[in-house]
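Working notes, beginning with the structure itself.
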2 protein chains.
Amino acid sequence: MKSVTRSLRVLEAVAQLQPVTVGELAKHFDLPKSTVQRTLVTLHEAGWLRASRGDTTRWEIGARVLAVRPAALQGSTLFAAAREPMMRLRDAVNETIHLSVLDGLQSMVVVDRADCDRAVRTFHQIGDTSPLHATAVGKAVLAHLRAHEVDEVLARGLPSYGEATVTDLDTLRAELEQVRRDGYAVNRNQYRTDVCAIAAPILERDGTPLAAVAVSMPDSRFDEDRLPELGRTVAETAAEITGRRLG
Amino acid sequence: MKSVTRSLRVLEAVAQLQPVTVGELAKHFDLPKSTVQRTLVTLHEAGWLRASRGDTTRWEIGARVLAVRPAALQGSTLFAAAREPMMRLRDAVNETIHLSVLDGLQSMVVVDRADCDRAVRTFHQIGDTSPLHATAVGKAVLAHLRAHEVDEVLARGLPSYGEATVTDLDTLRAELEQVRRDGYAVNRNQYRTDVCAIAAPILERDGTPLAAVAVSMPDSRFDEDRLPELGRTVAETAAEITGRRLG
DNA sequence: ATCTGTCGTGCCACATTGTGGAACGCTGTG
DNA sequence: CACAGCGTTCCACAATGTGGCACGACAGAT
């Protein structure tokens, strides 16, 4: 369904570029203006887009989308529970903090962020997805999935994103064991070069992993010696979020 | 674009009914299973849906949608800021609390809810829209819009939804003046019969209204005498949310 | 005033695209 | 063992979306 796929792409582009015009989107996708225009009008009629308040030829995301949320986040207790602990962690370490949730067993999706004020910092867009086996948040979650779920994920293979990516199954399984012992997962340049992170999982009452918090930083600021201390801090933050969420 | 419109409807239905099967959706919309199935697969390929973790024939909203948010809510600080104050307000008054945001200048959209535990209670679905001139949340916001924006809204007319709806311009303008003085807006059966509400606005730093919180209740529990006290409580909750959001 | 470039919008013939009835394979049940 | 109900697949048909083109509005330069 070409038109549907394209409409969703347009919707995502509007979310990033808002407030945005027909022409800008047409260039962005290299599509005829008329096609983009029709798409925008359709999305508008469905209540998903609205005209910008100042400039009526610019488009924005409408509030309707807020009704569409993953069940795990209904009531948005995750956001609410995570916000303050994330900010405190950010202030404590002065690095960017990410909150990522597990999407199916497919990938991790960045859903919230607390930026540090350094000149050089890592940057992940909200909504960005990343693989389970090659990121700190992914491994933090992976380490707490049920055995058959882990098998399912690993069965899809371990694509490499650079030299540092772990592509060997046994090595990865050993690492997951380590993650369970330590309470935190580490990623050093395994997904994006020069991006390192330390993450800990946020669990449901029954132990199912739902999401993870991560401190991420450029490789230049990754200090092996401070790792245990930093790891403990991240794990404490994750535990606090879990606690707040479950009351 | 029929297929696009329908896909978005399906997406919204999945959000409400998740985790949901093809058949359930087909019945819900009275559509051929094959059509629904194709739509679900397309939405899945686009990353907006995922198979349920337990039952792979059930569908859920994927985390991707979290990347698509109105600009005013980027960082999702509204939800996070509102959650706790809403719950406390709910506990204090034991009535259902709604959080609604202004969508363009078109309407208010319910985006979050804290239910009370009474047998009889008001019910608004998350995602429901309502007019600005005939609801408490709408009037709370309307009272703080700029003059030319108010004119624009009122120029579209004041459709009636029953006897109690204010359809006279001057009466409404006087009421908005009152709302500014009191700090809260009241709706007694003006939109839905037997549904009353008291709402207060959540503002941006520059005073622009962004959203509103409301206590809503059946007419039978609306007590004229307690109105000022209840109004003050709601206004305090809104002020606290505004404060938290802006740090 | 006039020209020119750029914008958002509206049109319409064409064929690509989505449609939905029918049939399939599977699972649990009476 | 037949049956009912499920999710899934297929395919001929025509309804549907496509995108080149042209229009009117606007802004800046001549």
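Identifiers in the structure tokens: chain A, B, ... in order shown; residue index from 1 per chain; ligand index from 1 in order shown.
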
Legend entry - strand (DSSP E or B) residues, from DSSP on the backbone, in segment 6-213 of chain B, as a PyMOL selection string: chain B and resi 20+49-51+59-61+96-103+107-114+129-130+185-188+195-203+209-213

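Once chain A has been superposed on chain B by least squares across all Cα atoms, the two differ by an RMSD of 0.8 Å.
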
Legend entry - Distance-based interface of chain A with chain B, 8 Å, counting only C-alpha atoms, as JSON, numbers by chain: {"A": [1, 3, 4, 5, 7, 8, 11, 12, 15, 16, 18, 39, 42, 43, 46, 50, 51, 52, 53, 60, 61, 62, 63, 64, 65, 66, 67, 68, 69, 70, 71, 75, 76, 77, 79, 80, 81, 83, 101, 102, 103, 104, 105, 109, 111, 112, 113, 126, 127, 128]}

Inset, instruction - Identify, on the basis of only C-alpha atoms (C1' of nucleotides), every residue whose closest approach to segment 3-9 of chain C does not exceed 8 Å; exclude the query and any residue fewer than 4 positions from it along the same chain; express the result as a ChimeraX atom specification. - result: /A:22-23,57 /D:26,30

Inset, instruction - With a distance threshold of 12 Å and counting only C-alpha atoms (C1' of nucleotides), extract the residues of chain C near chain B and express them as a ChimeraX atom specification. - result: /C:17-22

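Nearest residue to Gly157 of chain A, choosing from A:Ala140, A:Ala238, A:Leu132, A:Ala212 and counting only C-alpha atoms: A:Leu132.
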
Inset, instruction - Would you list, as a VMD selection string, the residues of segment 16-209 of chain A that end up in alpha helix (DSSP H) under DSSP run on this structure's backbone? - result: chain A and resid 16 to 17 22 to 29 33 to 45 77 to 93 136 to 142 147 to 155 169 to 182

Hey, can you spit out that residue selection with C-alpha atoms as a short mmCIF file (atom, residue, chain, number, x, y, z; two decimals), in the first residue's frame?
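Wrote out_16.cif, looks like this:
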```
data_model
loop_
_atom_site.label_atom_id
_atom_site.label_comp_id
_atom_site.auth_asym_id
_atom_site.auth_seq_id
_atom_site.Cartn_x
_atom_site.Cartn_y
_atom_site.Cartn_z
CA GLN A 16 10.71 16.35 12.65
CA LEU A 17 10.46 19.43 10.46
CA VAL A 22 4.31 21.52 1.11
CA GLY A 23 7.31 22.56 -0.94
CA GLU A 24 9.83 21.69 1.73
CA LEU A 25 8.39 18.23 2.10
CA ALA A 26 8.25 17.74 -1.68
CA LYS A 27 11.97 18.52 -1.88
CA HIS A 28 12.72 16.38 1.15
CA PHE A 29 11.15 13.33 -0.48
CA LYS A 33 4.10 18.80 -4.89
CA SER A 34 0.60 17.70 -5.79
CA THR A 35 1.22 14.28 -4.31
CA VAL A 36 2.53 15.68 -1.07
CA GLN A 37 -0.29 18.20 -0.94
CA ARG A 38 -2.92 15.50 -1.30
CA THR A 39 -1.26 13.49 1.43
CA LEU A 40 -1.18 16.43 3.80
CA VAL A 41 -4.84 17.23 3.23
CA THR A 42 -5.77 13.61 3.87
CA LEU A 43 -3.77 13.52 7.11
CA HIS A 44 -5.38 16.79 8.08
CA GLU A 45 -8.89 15.50 7.44
CA THR A 77 3.57 6.22 33.96
CA LEU A 78 6.95 5.43 32.47
CA PHE A 79 7.55 8.99 31.34
CA ALA A 80 6.33 10.42 34.59
CA ALA A 81 8.35 8.02 36.70
CA ALA A 82 11.49 8.46 34.63
CA ARG A 83 11.62 12.20 34.23
CA GLU A 84 13.02 13.32 37.55
CA PRO A 85 15.49 10.48 38.09
CA MET A 86 16.80 11.10 34.57
CA MET A 87 17.35 14.78 35.23
CA ARG A 88 19.13 14.02 38.48
CA LEU A 89 21.35 11.50 36.77
CA ARG A 90 22.11 14.04 34.05
CA ASP A 91 23.09 16.61 36.67
CA ALA A 92 25.20 14.08 38.54
CA VAL A 93 27.29 12.99 35.56
CA ALA A 136 23.90 -0.60 25.95
CA VAL A 137 20.15 -0.15 26.32
CA GLY A 138 19.55 -3.16 24.05
CA LYS A 139 21.85 -5.43 26.04
CA ALA A 140 20.46 -4.23 29.36
CA VAL A 141 17.03 -5.37 28.18
CA LEU A 142 18.25 -8.49 26.40
CA ALA A 147 15.57 -17.63 27.40
CA HIS A 148 13.33 -18.40 24.41
CA GLU A 149 12.93 -14.71 23.67
CA VAL A 150 16.69 -14.24 23.70
CA ASP A 151 17.01 -17.20 21.34
CA GLU A 152 14.46 -15.61 19.02
CA VAL A 153 16.39 -12.36 18.92
CA LEU A 154 19.78 -14.01 18.44
CA ALA A 155 18.37 -16.29 15.75
CA LEU A 169 26.98 -15.68 19.82
CA ASP A 170 28.94 -17.18 22.71
CA THR A 171 30.76 -13.94 23.42
CA LEU A 172 27.45 -12.12 23.53
CA ARG A 173 25.82 -14.70 25.80
CA ALA A 174 28.76 -14.45 28.19
CA GLU A 175 28.41 -10.68 28.14
CA LEU A 176 24.70 -10.91 28.97
CA GLU A 177 25.63 -13.06 31.94
CA GLN A 178 28.04 -10.34 33.02
CA VAL A 179 25.28 -7.72 32.62
CA ARG A 180 23.04 -9.68 34.96
CA ARG A 181 25.83 -9.86 37.53
CA ASP A 182 26.81 -6.18 37.29
#
```

Legend entry - For atom CA of Leu210 of chain B and atom CA of Arg244 of chain B, the interatomic separation in Å (one decimal): 14.1 Å

Inset, instruction - Residues of chain D near chain A: apply a cut-off of 9 Å, count only C-alpha atoms (C1' of nucleotides), and supply the list as number ranges by chain. - result: D: 17-20

Inset, instruction - Write out as a ChimeraX atom specification each polymer residue whose atoms come within 12 Å of DT27 of chain C, counting only C-alpha atoms (C1' of nucleotides); drop sequence neighbours fewer than 4 positions from it. - result: /D:3-7

Write out as a CSV table (one decimal) with N, CA and C atoms, in the first residue's frame which residues come within 10 Å of Val195 of chain B when counting only C-alpha atoms (C1' of nucleotides), dropping same-chain ones fewer than 2 positions away.
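Wrote result.csv, looks like this:
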```csv
chain,number,residue,atom,x,y,z
B,121,ARG,N,-19.7,7.4,36.9
B,121,ARG,CA,-18.7,8.4,36.6
B,121,ARG,C,-18.7,8.8,35.1
B,122,THR,N,-18.2,10.0,34.8
B,122,THR,CA,-18.2,10.4,33.5
B,122,THR,C,-17.1,9.6,32.7
B,123,PHE,N,-17.3,9.6,31.4
B,123,PHE,CA,-16.4,8.8,30.6
B,123,PHE,C,-16.0,9.5,29.3
B,135,THR,N,-17.1,23.5,26.6
B,135,THR,CA,-16.6,22.7,27.6
B,135,THR,C,-15.8,23.5,28.6
B,187,ASN,N,-18.4,24.1,33.3
B,187,ASN,CA,-19.4,23.7,32.2
B,187,ASN,C,-20.4,22.8,32.9
B,188,ARG,N,-21.7,23.3,32.9
B,188,ARG,CA,-22.8,22.5,33.4
B,188,ARG,C,-23.7,22.0,32.3
B,189,ASN,N,-23.5,20.8,31.9
B,189,ASN,CA,-24.4,20.2,30.8
B,189,ASN,C,-24.3,20.9,29.5
B,190,GLN,N,-23.3,21.7,29.2
B,190,GLN,CA,-23.3,22.5,28.0
B,190,GLN,C,-22.9,21.7,26.8
B,191,TYR,N,-22.2,20.6,27.0
B,191,TYR,CA,-21.8,19.8,25.8
B,191,TYR,C,-22.5,18.5,25.8
B,192,ARG,N,-22.3,17.7,26.8
B,192,ARG,CA,-23.0,16.5,27.0
B,192,ARG,C,-24.0,16.7,28.1
B,193,THR,N,-25.2,16.3,28.0
B,193,THR,CA,-26.2,16.4,29.1
B,193,THR,C,-25.7,15.5,30.2
B,197,ALA,N,-18.2,19.9,34.5
B,197,ALA,CA,-16.8,20.0,34.7
B,197,ALA,C,-16.3,21.3,35.1
B,216,SER,N,-14.3,16.2,36.2
B,216,SER,CA,-15.6,16.1,35.6
B,216,SER,C,-16.5,15.1,36.4
B,217,MET,N,-17.8,15.4,36.4
B,217,MET,CA,-18.7,14.6,37.2
B,217,MET,C,-20.1,14.7,36.7
B,218,PRO,N,-21.0,13.7,37.0
B,218,PRO,CA,-22.4,13.8,36.6
B,218,PRO,C,-23.0,15.0,37.3
B,219,ASP,N,-24.1,15.5,36.7
B,219,ASP,CA,-24.8,16.6,37.2
B,219,ASP,C,-25.3,16.4,38.6
B,220,SER,N,-25.6,15.2,38.9
B,220,SER,CA,-26.2,14.9,40.2
B,220,SER,C,-25.2,15.2,41.4
B,221,ARG,N,-23.9,15.2,41.0
B,221,ARG,CA,-22.9,15.4,42.1
B,221,ARG,C,-22.3,16.8,42.0
B,222,PHE,N,-22.9,17.7,41.1
B,222,PHE,CA,-22.4,19.0,41.0
B,222,PHE,C,-23.0,19.9,42.1
```

Legend entry - Atom pair atom CA of Glu240 of chain A / atom CA of Ile97 of chain A: separation (Å): 14.9 Å
